[in-house]
Amino acid sequence: MGAKVLSYVPAGGREVFFRPITEPEGCAEWVHGGMPICWPWFGFNRGKEKGIHGYARTLLFSIKEHVQAEGGDSLTLTLTPDSVKSVCPEDRLSLEMTFTLTDRLRIEMRTQNCGQQPVKLTCGLHPYFSIGERDRTTVVGTDGLAYCDTLQNDAQLSENGFNE
């Protein structure tokens, strides 16, 4: 259920995404591992009662198109306003996700607002990259950027404008 890239191994390479050995059975809220789709919001954008990271990862997608070609395959999945209304009746949104596998993984995310009211979107992908040694891994280029550590202080969400 939901849209999530579970695994990607490029030709001659190794697994790109981390995935836990076990996941809670039947737990639609489970997000750790692989690359979940966070749509139409990321984080607690609509408040904790609406859940974290939107609802795309918990809804059943329809297969719009599957193309097998010599250079690679592609799969297009969709959510329609009708499939969305069961979890968020005020949204009149559709989502189309295309996953293309060639010598690389390409993901396209297309959203359409089918309603009359504006909708704030903060969607994205949530990759859990597999790394060799966690304690020897660094992230560069983030000095001076604002962030919110929800594990330390949920109050930061609204203070920093992440919970609008």
# chains A, B, ... in the order shown; residues from 1 in each chain; ligands from 1
>>> residues_around(residues="Leu79 (chain A)", least_positions_apart="2", cutoff="12 Å", atoms="only C-alpha atoms", output="VMD selection string")
chain A and resid 1 to 3 39 to 40 55 to 64 76 to 77 81 to 86 91 to 98 109 to 113
>>> closest_residue(among="A:Thr137, A:Ser130, A:Thr100, A:Gln117", to="His66 (chain A)", atoms="only C-alpha atoms")
A:Thr100
>>> closest_residue(among="A:Gly54, A:Leu6, A:Val139, A:Ala146", to="Val87 (chain A)", atoms="only C-alpha atoms")
A:Gly54
>>> residues_around(residues="Asp73 (chain A)", least_positions_apart="6", cutoff="12 Å", atoms="only C-alpha atoms", output="list in words")
Glu65, His66, Val67, Thr98, Phe99, Thr100, Leu101, Thr102, Asp103, Arg104, Leu105 and Arg106 of chain A
>>> residues_around(residues="Gly132 (chain A)", least_positions_apart="4", cutoff="12 Å", atoms="only C-alpha atoms", output="tab-separated table (two decimals) with C-alpha atoms, in the first residue's frame")
chain	number	residue	atom	x	y	z
A	14	ARG	CA	25.31	-2.00	-4.55
A	15	GLU	CA	21.99	-1.22	-2.83
A	16	VAL	CA	21.42	2.54	-2.67
A	17	PHE	CA	18.77	2.60	0.07
A	18	PHE	CA	18.83	1.46	3.66
A	136	ARG	CA	32.35	8.23	9.69
A	137	THR	CA	29.70	9.98	7.58
A	138	THR	CA	29.49	13.77	7.29
>>> select_by_dssp(residues="region 27-158 of chain A", states="strand (DSSP E)", output="number ranges by chain")
A: 35-38, 62-69, 72-79, 93-101, 105-113, 124-125
>>> write_last_selection(atoms="N, CA and C atoms", output="short mmCIF file (atom, residue, chain, number, x, y, z; two decimals), in the first residue's frame")
data_model
loop_
_atom_site.label_atom_id
_atom_site.label_comp_id
_atom_site.auth_asym_id
_atom_site.auth_seq_id
_atom_site.Cartn_x
_atom_site.Cartn_y
_atom_site.Cartn_z
N MET A 35 12.67 4.73 0.12
CA MET A 35 12.43 6.14 -0.18
C MET A 35 10.93 6.38 -0.25
N PRO A 36 10.31 6.71 0.90
CA PRO A 36 8.88 7.00 0.92
C PRO A 36 8.56 8.30 0.17
N ILE A 37 7.34 8.37 -0.32
CA ILE A 37 6.81 9.56 -0.96
C ILE A 37 6.09 10.38 0.11
N CYS A 38 6.49 11.61 0.31
CA CYS A 38 5.86 12.50 1.29
C CYS A 38 5.00 13.49 0.50
N SER A 62 -3.20 3.66 -8.23
CA SER A 62 -3.60 2.95 -9.45
C SER A 62 -2.42 2.97 -10.41
N ILE A 63 -2.31 1.90 -11.17
CA ILE A 63 -1.26 1.85 -12.19
C ILE A 63 -1.83 2.49 -13.46
N LYS A 64 -1.20 3.56 -13.88
CA LYS A 64 -1.63 4.25 -15.09
C LYS A 64 -0.94 3.67 -16.31
N GLU A 65 0.37 3.39 -16.16
CA GLU A 65 1.13 2.92 -17.32
C GLU A 65 2.37 2.18 -16.86
N HIS A 66 2.68 1.10 -17.56
CA HIS A 66 3.93 0.36 -17.36
C HIS A 66 4.55 0.16 -18.73
N VAL A 67 5.73 0.72 -18.93
CA VAL A 67 6.41 0.63 -20.22
C VAL A 67 7.70 -0.16 -20.05
N GLN A 68 7.82 -1.23 -20.81
CA GLN A 68 9.06 -1.99 -20.84
C GLN A 68 9.77 -1.66 -22.14
N ALA A 69 11.00 -1.21 -22.04
CA ALA A 69 11.77 -0.83 -23.22
C ALA A 69 13.17 -1.40 -23.10
N GLY A 72 15.29 0.44 -20.57
CA GLY A 72 14.82 0.46 -19.19
C GLY A 72 13.31 0.41 -19.12
N ASP A 73 12.81 0.37 -17.92
CA ASP A 73 11.38 0.29 -17.68
C ASP A 73 10.90 1.55 -16.97
N SER A 74 9.59 1.84 -17.13
CA SER A 74 8.99 2.93 -16.35
C SER A 74 7.62 2.50 -15.88
N LEU A 75 7.25 3.03 -14.73
CA LEU A 75 5.97 2.73 -14.12
C LEU A 75 5.36 4.04 -13.65
N THR A 76 4.12 4.31 -14.05
CA THR A 76 3.42 5.52 -13.61
C THR A 76 2.26 5.12 -12.73
N LEU A 77 2.25 5.67 -11.51
CA LEU A 77 1.21 5.42 -10.52
C LEU A 77 0.44 6.71 -10.28
N THR A 78 -0.86 6.59 -9.95
CA THR A 78 -1.66 7.78 -9.72
C THR A 78 -2.53 7.68 -8.47
N LEU A 79 -2.77 8.83 -7.90
CA LEU A 79 -3.81 9.03 -6.89
C LEU A 79 -4.75 10.07 -7.46
N LEU A 93 -6.91 17.00 -4.82
CA LEU A 93 -5.60 16.88 -5.44
C LEU A 93 -5.45 15.56 -6.17
N SER A 94 -4.62 15.57 -7.20
CA SER A 94 -4.22 14.33 -7.84
C SER A 94 -2.70 14.29 -7.87
N LEU A 95 -2.17 13.09 -7.85
CA LEU A 95 -0.72 12.87 -7.87
C LEU A 95 -0.40 11.83 -8.92
N GLU A 96 0.61 12.12 -9.71
CA GLU A 96 1.11 11.16 -10.68
C GLU A 96 2.60 10.99 -10.43
N MET A 97 3.02 9.76 -10.17
CA MET A 97 4.43 9.44 -9.91
C MET A 97 4.93 8.53 -11.03
N THR A 98 6.03 8.92 -11.65
CA THR A 98 6.64 8.06 -12.67
C THR A 98 8.03 7.67 -12.20
N PHE A 99 8.26 6.37 -12.16
CA PHE A 99 9.54 5.80 -11.76
C PHE A 99 10.16 5.19 -13.02
N THR A 100 11.33 5.67 -13.41
CA THR A 100 12.00 5.16 -14.60
C THR A 100 13.33 4.54 -14.19
N LEU A 101 13.52 3.31 -14.60
CA LEU A 101 14.76 2.58 -14.32
C LEU A 101 15.53 2.37 -15.61
N LEU A 105 18.04 5.72 -11.53
CA LEU A 105 16.66 5.81 -11.08
C LEU A 105 16.20 7.25 -11.24
N ARG A 106 15.11 7.45 -11.97
CA ARG A 106 14.55 8.79 -12.16
C ARG A 106 13.12 8.77 -11.64
N ILE A 107 12.78 9.79 -10.85
CA ILE A 107 11.45 9.87 -10.27
C ILE A 107 10.85 11.23 -10.59
N GLU A 108 9.64 11.21 -11.16
CA GLU A 108 8.92 12.45 -11.45
C GLU A 108 7.65 12.47 -10.61
N MET A 109 7.39 13.60 -10.00
CA MET A 109 6.21 13.79 -9.16
C MET A 109 5.42 14.97 -9.73
N ARG A 110 4.18 14.70 -10.12
CA ARG A 110 3.33 15.75 -10.68
C ARG A 110 2.04 15.84 -9.87
N THR A 111 1.75 17.04 -9.39
CA THR A 111 0.54 17.28 -8.60
C THR A 111 -0.36 18.24 -9.34
N GLN A 112 -1.66 17.98 -9.27
CA GLN A 112 -2.63 18.90 -9.85
C GLN A 112 -3.69 19.19 -8.80
N ASN A 113 -3.99 20.48 -8.62
CA ASN A 113 -5.08 20.89 -7.76
C ASN A 113 -6.34 20.92 -8.62
N GLY A 124 7.66 15.93 -1.06
CA GLY A 124 9.02 15.57 -1.43
C GLY A 124 9.28 14.09 -1.28
N LEU A 125 10.50 13.73 -1.49
CA LEU A 125 10.95 12.35 -1.32
C LEU A 125 11.76 12.28 -0.04
#
>>> select_by_dssp(residues="region 10-159 of chain A", states="helix (DSSP H, G or I)", output="count of residues only")
14
>>> atom_distance(atom1="CA of Tyr8 (chain A)", atom2="CA of Phe42 (chain A)")
22.7 Å
